[in-house]
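Working notes, structure below.
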2 protein chains.
Amino acid sequence: MEEKEISKAVIKRLPRYYRYLGELIEEGVERISSNDLSKKMKVTASQIRQDLNNFGGFGQQGYGYNVKYLYTEIGKILGLDILHPMIILGAGNLGQALANYVDFEKRGFELVGIFDINPVLEGMGVRGIEIKMISDLPFFLKEKKVEIAVLTLPKNRAADMAEILVKNGIKAIWNFAHIDLDVPEDVIVENVHLSESLMTLSYNLSKYTRDHKEK
Amino acid sequence: MEEKEISKAVIKRLPRYYRYLGELIEEGVERISSNDLSKKMKVTASQIRQDLNNFGGFGQQGYGYNVKYLYTEIGKILGLDILHPMIILGAGNLGQALANYVDFEKRGFELVGIFDINPVLEGMGVRGIEIKMISDLPFFLKEKKVEIAVLTLPKNRAADMAEILVKNGIKAIWNFAHIDLDVPEDVIVENVHLSESLMTLSYNLSKYTRDHKEK
DNA sequence: TAGATTGTTAATCGATTAACAATC
DNA sequence: TAGATTGTTAATCGATTAACAATC
């Protein structure tokens, strides 16, 4: 059963709130008003209050928000209080870089396996985890109750791999391949299209140059 | 002088149009209507026409759009027809992964240097490029007319580095550090906050579980 | 109690979609 | 010419901001 739908725009802002609240905790700040937070984050106080009230009343009139409490609650909303077993598909540069991203483990994302199609890599270790072959995948997914698959294969391999993953019951794909995956709608896909990000940077760079060339 | 401002939403869609048009070229498709493209891309035809007409009339009534022409024009809008000298700051896993991303070079992004703060790495090569120390940076930036800096340093180092980069006239920063950089408004920043991307995935995963638990 | 600040409703702004006249 | 499809205006939808009563 669905609750009142929360917009994508709101959800994409939650991790940023979470990050700022984490920093406030480190600075020893106990409470903060939407107004003060809005100045730090360069958004409107109104937006902060609206966003948070999608999930409940976390503040208190005349006081503001308790930083630790709000941090914990947003963490729960984001599902960071639960362990998410995760595998990486593709032990290339990017796959290895992500495998070594220590931060994830702190947030409940547990890397339990790394897979590749290149037999040369079989048995090699990344961060203490042995690289396995795709043939081991189906058994492994069930055995380890893997929830998230990180897809760092080249795009010509990614589509087929997504199909295998879906067939074996994966729930979410963090996709780094330059392709829009075609999966059933109950499978969650979060895309990181690096080249597209760089292109928007390039657009802004070129625009700036254009704007300043015209007198 | 500014032209009529184009919304961020439109700009973020351009690289995706570019990617689909590239695929159409590979498939040998010569022309396409907004309607056919809309089905492929799962957006409305209306949006495609609106988006494109921000930049000019690229189509022809009764015919549609010439794929190659549109691809080239969007490429120009994105600044992909111009060479953008680029350096990477931080020769860790992520920095090296990005350095090895061949695709960039095809799109006008030319990696001309890799820098790190760790003296142990000095002189080591990544993809034929010697890792240099930060002290070489100011001279290098001017000498090579570097436009884009890719920031893959840990967040405690990133803020200081951004300041150095700005002081030495860098125009754009592709920021992978978990921090919002504080730079003058004429410096372009494009953020890739990987952990935030993973958190939105996690949100959707948890939401799905929640929705299906409630009967 | 008085002051501060939330939660929430209403107003505004911007982005998306629909419709259709222009035209190839 | 007739049919197709764009470019563009108008209508709708959704998201952001402003305002303020509720309340700690």
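By order of appearance in the structure tokens: chains A, B, ..., then residues from 1 within every chain, and ligands from 1 in the order shown.
Those residues that approach D:DA10 to within 12 Å, counting only C-alpha atoms (C1' of nucleotides), are DT17, DA18, DA19 and DC20 of chain C; same-chain residues fewer than 3 positions away are not listed.
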Store the residues picked out above in a file with C-alpha atoms (C1' of nucleotides), as a PDB file, in the first residue's frame.
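Written output follows (result_8.pdb):
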```
ATOM      1  C1'  DT C  17       2.024  18.807 -21.427  1.00  0.00           C
ATOM      2  C1'  DA C  18      -1.560  19.685 -24.786  1.00  0.00           C
ATOM      3  C1'  DA C  19      -3.174  21.802 -28.797  1.00  0.00           C
ATOM      4  C1'  DC C  20      -2.921  23.648 -33.194  1.00  0.00           C
TER       5       DC C  20
END
```
**Message:** I'd like to know which residues of stretch 6-215 of chain A are strand (DSSP E or B) (by DSSP, run on the backbone); could you write them as number ranges by chain?
**Reply:** A: 31-32, 59-60, 64-66, 84-89, 109-116, 125-126, 129-133, 148-151, 172-175, 188-191
Please produce, as a Markdown table, a per-residue contact table for chain D versus chain B (criterion: any atom at most 10 Å away, only C-alpha atoms (C1' of nucleotides) considered), showing the nearest atom pair and its distance in Å to one decimal, sorted by chain then residue number.
```
| residue | atom | partner | partner_atom | distance |
| --- | --- | --- | --- | --- |
| D:DG3 | C1' | B:Gly62 | CA | 7.8 |
| D:DA4 | C1' | B:Gly62 | CA | 4.2 |
| D:DT5 | C1' | B:Gly62 | CA | 4.2 |
| D:DT6 | C1' | B:Gln61 | CA | 4.2 |
| D:DG7 | C1' | B:Gly57 | CA | 7.3 |
| D:DT8 | C1' | B:Gln50 | CA | 8.6 |
```
Just N, CA and C atoms (P, O5', C5', C4', C3', O3' and C1' of nucleotides) for this one: save the residues we selected as an mmCIF file, in the first residue's frame.
```cif
data_model
loop_
_atom_site.group_PDB
_atom_site.id
_atom_site.type_symbol
_atom_site.label_atom_id
_atom_site.label_comp_id
_atom_site.auth_asym_id
_atom_site.auth_seq_id
_atom_site.Cartn_x
_atom_site.Cartn_y
_atom_site.Cartn_z
ATOM 1 P P DG D 3 -4.470 13.462 -47.136
ATOM 2 O "O5'" DG D 3 -2.961 13.450 -46.620
ATOM 3 C "C5'" DG D 3 -1.985 12.579 -47.227
ATOM 4 C "C4'" DG D 3 -0.770 12.493 -46.336
ATOM 5 C "C3'" DG D 3 -1.091 12.202 -44.867
ATOM 6 O "O3'" DG D 3 -0.104 11.299 -44.389
ATOM 7 C "C1'" DG D 3 0.006 14.290 -45.034
ATOM 8 P P DA D 4 0.024 10.926 -42.835
ATOM 9 O "O5'" DA D 4 1.317 11.759 -42.426
ATOM 10 C "C5'" DA D 4 2.488 11.726 -43.238
ATOM 11 C "C4'" DA D 4 3.524 12.633 -42.617
ATOM 12 C "C3'" DA D 4 3.690 12.450 -41.115
ATOM 13 O "O3'" DA D 4 5.073 12.312 -40.872
ATOM 14 C "C1'" DA D 4 3.223 14.729 -41.607
ATOM 15 P P DT D 5 5.678 11.968 -39.429
ATOM 16 O "O5'" DT D 5 6.004 13.438 -38.921
ATOM 17 C "C5'" DT D 5 7.006 14.198 -39.569
ATOM 18 C "C4'" DT D 5 7.013 15.555 -38.950
ATOM 19 C "C3'" DT D 5 7.022 15.533 -37.415
ATOM 20 O "O3'" DT D 5 8.033 16.394 -36.959
ATOM 21 C "C1'" DT D 5 5.425 17.014 -38.196
ATOM 22 P P DT D 6 8.566 16.394 -35.442
ATOM 23 O "O5'" DT D 6 9.081 17.897 -35.388
ATOM 24 C "C5'" DT D 6 9.880 18.393 -36.452
ATOM 25 C "C4'" DT D 6 9.472 19.813 -36.798
ATOM 26 C "C3'" DT D 6 9.758 20.834 -35.701
ATOM 27 O "O3'" DT D 6 10.638 21.822 -36.190
ATOM 28 C "C1'" DT D 6 7.490 20.995 -36.455
ATOM 29 P P DG D 7 11.516 22.683 -35.192
ATOM 30 O "O5'" DG D 7 10.488 23.855 -34.896
ATOM 31 C "C5'" DG D 7 10.251 24.848 -35.882
ATOM 32 C "C4'" DG D 7 9.226 25.840 -35.375
ATOM 33 C "C3'" DG D 7 9.605 26.609 -34.118
ATOM 34 O "O3'" DG D 7 9.192 27.957 -34.330
ATOM 35 C "C1'" DG D 7 7.569 25.451 -33.733
ATOM 36 P P DT D 8 9.296 29.054 -33.186
ATOM 37 O "O5'" DT D 8 7.863 28.899 -32.504
ATOM 38 C "C5'" DT D 8 6.717 29.431 -33.160
ATOM 39 C "C4'" DT D 8 5.563 29.387 -32.188
ATOM 40 C "C3'" DT D 8 5.827 30.031 -30.830
ATOM 41 O "O3'" DT D 8 4.669 30.715 -30.430
ATOM 42 C "C1'" DT D 8 5.039 27.877 -30.520
#
```
Neighbouring residues of A:Arg107 were defined as those with any atom within 9 Å, considering only C-alpha atoms (C1' of nucleotides); residues of the same chain fewer than 4 positions away were excluded. Please report them as a tab-separated table (two decimals) with all heavy atoms, in the first residue's frame.
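Result file is around17.tsv:
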```tsv
chain	number	residue	atom	x	y	z
A	75	GLY	N	18.25	9.51	8.75
A	75	GLY	CA	18.96	8.27	8.51
A	75	GLY	C	18.00	7.09	8.34
A	75	GLY	O	18.13	6.29	7.42
A	80	LEU	N	19.35	3.97	6.26
A	80	LEU	CA	20.76	3.80	6.60
A	80	LEU	C	20.94	3.05	7.92
A	80	LEU	O	22.07	2.76	8.32
A	80	LEU	CB	21.45	5.16	6.67
A	80	LEU	CG	21.29	6.05	5.44
A	80	LEU	CD1	22.01	7.37	5.63
A	80	LEU	CD2	21.80	5.35	4.19
A	81	ASP	N	19.83	2.75	8.57
A	81	ASP	CA	19.90	2.00	9.83
A	81	ASP	C	19.83	0.50	9.60
A	81	ASP	O	19.90	-0.29	10.52
A	81	ASP	CB	18.76	2.45	10.76
A	81	ASP	CG	17.39	2.30	10.10
A	81	ASP	OD1	17.31	2.36	8.86
A	81	ASP	OD2	16.41	2.09	10.83
A	82	ILE	N	19.70	0.14	8.32
A	82	ILE	CA	19.56	-1.28	7.97
A	82	ILE	C	20.77	-1.69	7.13
A	82	ILE	O	21.29	-0.90	6.35
A	82	ILE	CB	18.27	-1.50	7.15
A	82	ILE	CG1	17.05	-1.17	8.00
A	82	ILE	CG2	18.20	-2.92	6.61
A	82	ILE	CD1	15.78	-1.04	7.19
A	83	LEU	N	21.21	-2.94	7.30
A	83	LEU	CA	22.34	-3.44	6.53
A	83	LEU	C	21.88	-3.84	5.13
A	83	LEU	O	20.92	-4.58	4.98
A	83	LEU	CB	22.95	-4.64	7.26
A	83	LEU	CG	24.45	-4.84	7.08
A	83	LEU	CD1	25.23	-3.64	7.61
A	83	LEU	CD2	24.90	-6.11	7.78
A	103	ASP	N	33.66	4.81	3.14
A	103	ASP	CA	32.47	5.49	3.66
A	103	ASP	C	31.19	4.66	3.61
A	103	ASP	O	30.36	4.74	4.50
A	103	ASP	CB	32.24	6.78	2.86
A	103	ASP	CG	32.72	8.00	3.64
A	103	ASP	OD1	33.68	7.83	4.44
A	103	ASP	OD2	32.16	9.09	3.47
B	199	MET	N	22.45	6.89	-1.33
B	199	MET	CA	21.41	7.06	-0.31
B	199	MET	C	20.02	7.19	-0.92
B	199	MET	O	19.06	6.69	-0.35
B	199	MET	CB	21.70	8.30	0.54
B	199	MET	CG	22.84	8.10	1.52
B	199	MET	SD	23.06	9.58	2.55
B	199	MET	CE	24.78	9.39	3.02
```
**At most 8 Å to chain B: residues in chain A, only C-alpha atoms, as a ChimeraX atom specification** = /A:1-3,11-12,15-16,77-80,93-94,96-98,100,103-104,171-172,174,188-190,192,195-206,211-212,214-215
Next, write the just-selected residues to a file, as a tab-separated table (two decimals), in the first residue's frame, keeping N, CA and C atoms as the atom set.
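This went into part-v6.tsv:
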```tsv
chain	number	residue	atom	x	y	z
A	1	MET	N	0.84	-1.22	0.00
A	1	MET	CA	0.00	0.00	0.00
A	1	MET	C	0.86	1.26	0.00
A	2	GLU	N	0.54	2.16	-0.89
A	2	GLU	CA	1.35	3.38	-1.03
A	2	GLU	C	0.90	4.44	-0.04
A	3	GLU	N	1.85	5.16	0.49
A	3	GLU	CA	1.51	6.35	1.27
A	3	GLU	C	1.45	7.52	0.31
A	11	ILE	N	13.29	13.93	-2.14
A	11	ILE	CA	14.14	12.79	-1.77
A	11	ILE	C	15.61	13.07	-2.11
A	12	LYS	N	15.82	13.70	-3.24
A	12	LYS	CA	17.22	13.99	-3.60
A	12	LYS	C	17.85	15.02	-2.67
A	15	PRO	N	19.68	13.46	1.42
A	15	PRO	CA	21.07	13.15	1.76
A	15	PRO	C	21.89	14.39	2.08
A	16	ARG	N	21.54	15.49	1.45
A	16	ARG	CA	22.28	16.72	1.72
A	16	ARG	C	21.95	17.23	3.13
A	77	ILE	N	14.80	7.28	7.51
A	77	ILE	CA	14.02	7.50	6.28
A	77	ILE	C	14.81	7.01	5.07
A	78	LEU	N	16.12	7.26	5.10
A	78	LEU	CA	16.98	6.86	3.99
A	78	LEU	C	17.36	5.38	4.05
A	79	GLY	N	16.95	4.72	5.12
A	79	GLY	CA	17.26	3.30	5.24
A	79	GLY	C	18.70	3.01	5.61
A	80	LEU	N	19.35	3.97	6.26
A	80	LEU	CA	20.76	3.80	6.60
A	80	LEU	C	20.94	3.05	7.92
A	93	ASN	N	38.79	-0.43	-13.10
A	93	ASN	CA	39.23	0.70	-12.28
A	93	ASN	C	38.12	1.27	-11.41
A	94	LEU	N	36.98	1.48	-12.04
A	94	LEU	CA	35.89	2.10	-11.31
A	94	LEU	C	35.34	1.16	-10.23
A	96	GLN	N	36.90	-1.17	-8.68
A	96	GLN	CA	37.86	-1.24	-7.57
A	96	GLN	C	37.84	0.04	-6.74
A	97	ALA	N	37.71	1.17	-7.42
A	97	ALA	CA	37.64	2.44	-6.69
A	97	ALA	C	36.44	2.43	-5.74
A	98	LEU	N	35.31	1.98	-6.24
A	98	LEU	CA	34.12	1.93	-5.39
A	98	LEU	C	34.28	0.92	-4.26
A	100	ASN	N	36.83	0.28	-2.68
A	100	ASN	CA	37.70	0.84	-1.65
A	100	ASN	C	37.13	2.07	-0.96
A	103	ASP	N	33.66	4.81	3.14
A	103	ASP	CA	32.47	5.49	3.66
A	103	ASP	C	31.19	4.66	3.61
A	104	PHE	N	31.04	3.88	2.55
A	104	PHE	CA	29.81	3.14	2.38
A	104	PHE	C	29.50	2.25	3.56
A	171	LYS	N	17.23	-6.47	-6.07
A	171	LYS	CA	16.19	-5.47	-5.83
A	171	LYS	C	16.55	-4.09	-6.35
A	172	ALA	N	17.86	-3.81	-6.39
A	172	ALA	CA	18.27	-2.45	-6.76
A	172	ALA	C	19.60	-2.48	-7.51
A	174	TRP	N	22.74	0.00	-8.87
A	174	TRP	CA	23.42	1.30	-8.93
A	174	TRP	C	24.23	1.27	-10.21
A	188	ILE	N	14.70	-1.18	-8.56
A	188	ILE	CA	15.13	0.20	-8.44
A	188	ILE	C	16.45	0.41	-9.18
A	189	VAL	N	16.49	1.44	-10.00
A	189	VAL	CA	17.74	1.78	-10.69
A	189	VAL	C	18.14	3.20	-10.35
A	190	GLU	N	19.34	3.35	-9.88
A	190	GLU	CA	19.89	4.69	-9.64
A	190	GLU	C	21.08	4.85	-10.56
A	192	VAL	N	24.33	6.66	-12.33
A	192	VAL	CA	25.41	7.65	-12.22
A	192	VAL	C	26.06	7.71	-13.59
A	195	SER	N	29.72	10.64	-17.72
A	195	SER	CA	30.00	11.46	-18.89
A	195	SER	C	28.93	12.54	-19.07
A	196	GLU	N	27.71	12.24	-18.65
A	196	GLU	CA	26.65	13.25	-18.77
A	196	GLU	C	26.87	14.39	-17.77
A	197	SER	N	27.37	14.03	-16.63
A	197	SER	CA	27.70	15.06	-15.64
A	197	SER	C	28.79	15.99	-16.18
A	198	LEU	N	29.80	15.38	-16.79
A	198	LEU	CA	30.89	16.19	-17.35
A	198	LEU	C	30.41	17.07	-18.50
A	199	MET	N	29.44	16.56	-19.24
A	199	MET	CA	28.90	17.36	-20.35
A	199	MET	C	28.13	18.58	-19.86
A	200	THR	N	27.40	18.44	-18.79
A	200	THR	CA	26.71	19.64	-18.28
A	200	THR	C	27.72	20.65	-17.77
A	201	LEU	N	28.80	20.16	-17.18
A	201	LEU	CA	29.88	21.08	-16.81
A	201	LEU	C	30.40	21.79	-18.05
A	202	SER	N	30.64	21.03	-19.08
A	202	SER	CA	31.16	21.58	-20.33
A	202	SER	C	30.20	22.61	-20.91
A	203	TYR	N	28.90	22.32	-20.85
A	203	TYR	CA	27.91	23.29	-21.32
A	203	TYR	C	28.08	24.63	-20.61
A	204	ASN	N	28.14	24.57	-19.29
A	204	ASN	CA	28.24	25.80	-18.50
A	204	ASN	C	29.53	26.56	-18.79
A	205	LEU	N	30.58	25.80	-19.00
A	205	LEU	CA	31.88	26.39	-19.35
A	205	LEU	C	31.78	27.13	-20.69
A	206	SER	N	31.21	26.47	-21.66
A	206	SER	CA	31.09	27.06	-23.00
A	206	SER	C	30.13	28.24	-22.98
A	211	ASP	N	28.89	33.94	-23.38
A	211	ASP	CA	28.28	35.13	-22.79
A	211	ASP	C	29.27	36.27	-22.67
A	212	HIS	N	30.53	35.94	-22.44
A	212	HIS	CA	31.52	36.99	-22.23
A	212	HIS	C	32.23	37.42	-23.50
A	214	GLU	N	30.35	37.86	-26.52
A	214	GLU	CA	29.40	38.87	-27.00
A	214	GLU	C	29.55	40.11	-26.12
A	215	LYS	N	29.71	41.27	-26.79
A	215	LYS	CA	29.95	42.47	-25.97
A	215	LYS	C	28.66	42.91	-25.27
```
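Near B:Ala149, within 6 Å and counting only C-alpha atoms (C1' of nucleotides), sit Met86, Ile87, Ile88 and Ile173 of chain B; same-chain residues fewer than 5 positions away were not included.
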Residues from the last selection, all heavy atoms, saved as a tab-separated table (two decimals), in the first residue's frame:
```tsv
chain	number	residue	atom	x	y	z
B	86	MET	N	42.32	19.35	-19.02
B	86	MET	CA	41.75	18.92	-17.75
B	86	MET	C	42.84	18.29	-16.90
B	86	MET	O	43.73	17.62	-17.43
B	86	MET	CB	40.67	17.89	-18.10
B	86	MET	CG	39.91	17.29	-16.98
B	86	MET	SD	38.48	16.32	-17.63
B	86	MET	CE	39.23	14.70	-17.79
B	87	ILE	N	42.81	18.54	-15.60
B	87	ILE	CA	43.72	17.83	-14.71
B	87	ILE	C	42.92	17.12	-13.62
B	87	ILE	O	41.78	17.49	-13.34
B	87	ILE	CB	44.73	18.77	-14.02
B	87	ILE	CG1	44.00	19.86	-13.25
B	87	ILE	CG2	45.70	19.36	-15.04
B	87	ILE	CD1	44.90	20.67	-12.34
B	88	ILE	N	43.57	16.12	-13.03
B	88	ILE	CA	42.95	15.40	-11.92
B	88	ILE	C	43.74	15.69	-10.65
B	88	ILE	O	44.97	15.61	-10.65
B	88	ILE	CB	42.90	13.88	-12.20
B	88	ILE	CG1	41.94	13.60	-13.36
B	88	ILE	CG2	42.50	13.10	-10.96
B	88	ILE	CD1	41.87	12.14	-13.78
B	173	ILE	N	35.26	23.17	-11.89
B	173	ILE	CA	35.67	22.08	-11.02
B	173	ILE	C	34.63	20.97	-11.08
B	173	ILE	O	33.44	21.21	-10.88
B	173	ILE	CB	35.83	22.56	-9.56
B	173	ILE	CG1	36.91	23.64	-9.48
B	173	ILE	CG2	36.18	21.39	-8.64
B	173	ILE	CD1	37.04	24.27	-8.10
```
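Distance check against A:Glu163 using only C-alpha atoms: of A:Pro138, A:Ile48, A:Glu73, A:Phe176, the minimum falls on A:Pro138.
One finds atom CA of B:Leu153 at 14.4 Å from atom CA of B:Lys132.
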**Which of stretch 12-100 of chain A fall in helix (DSSP H, G or I), as a ChimeraX atom specification** = /A:12-26,34-41,45-53,67-77,93-99
**Request:** For stretch 13-16 of chain C, please output as a list of chain:residue names all residues within 8 Å (counting only C-alpha atoms (C1' of nucleotides); exclusion window: fewer than 5 positions along the same chain).
**Result:** B:Gln47, D:DC13, D:DT16
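Reported to one decimal place, the separation of atom CA of B:Thr152 from atom CA of B:Asp116 is 9.7 Å.
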**Message:** So that I can check the surroundings of stretch 142-145 of chain A, please list as JSON, numbers by chain every protein, DNA and RNA residue that reaches within 8 Å of it, counting only C-alpha atoms (C1' of nucleotides) and ignoring chain neighbours fewer than 4 positions away.
**Reply:** {"A": [85, 112, 138, 168]}
**Prompt:** What is the atom CA of A:Ile134-atom CA of A:Val102 distance in Å, reported with one decimal?
**Reply:** 24.6 Å
So that I can see what lies close to A:Val67, please list as a CSV table (one decimal) with N, CA, C and O atoms, in the first residue's frame the residues with an atom at most 8 Å from it, counting only C-alpha atoms (C1' of nucleotides) and leaving out residues fewer than 3 positions away in the same chain.
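Below is the file part06.csv, written as the result:
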```
chain,number,residue,atom,x,y,z
A,21,LEU,N,23.7,17.9,8.8
A,21,LEU,CA,23.4,17.5,10.2
A,21,LEU,C,24.5,16.8,10.8
A,21,LEU,O,24.9,17.0,11.9
A,24,LEU,N,27.1,19.2,11.7
A,24,LEU,CA,26.7,20.0,12.9
A,24,LEU,C,27.0,19.2,14.2
A,24,LEU,O,27.4,19.7,15.2
A,25,ILE,N,26.7,17.9,14.1
A,25,ILE,CA,26.9,17.0,15.2
A,25,ILE,C,28.4,17.0,15.6
A,25,ILE,O,28.8,17.2,16.7
A,29,VAL,N,27.0,21.0,17.7
A,29,VAL,CA,25.7,21.8,17.8
A,29,VAL,C,24.6,21.0,18.2
A,29,VAL,O,24.4,19.9,17.6
A,30,GLU,N,23.8,21.4,19.1
A,30,GLU,CA,22.7,20.6,19.7
A,30,GLU,C,21.4,20.8,19.0
A,30,GLU,O,20.6,19.9,18.8
A,31,ARG,N,21.1,22.1,18.7
A,31,ARG,CA,19.8,22.4,18.0
A,31,ARG,C,20.0,23.5,17.0
A,31,ARG,O,21.0,24.2,17.0
A,32,ILE,N,19.1,23.5,16.0
A,32,ILE,CA,19.2,24.4,14.9
A,32,ILE,C,17.8,24.8,14.4
A,32,ILE,O,16.9,23.9,14.4
A,70,LEU,N,17.1,14.7,14.6
A,70,LEU,CA,16.8,14.9,13.2
A,70,LEU,C,17.7,14.0,12.3
A,70,LEU,O,17.3,13.4,11.3
A,71,TYR,N,19.0,14.0,12.6
A,71,TYR,CA,20.0,13.2,11.9
A,71,TYR,C,19.6,11.7,11.9
A,71,TYR,O,19.5,11.1,10.9
```
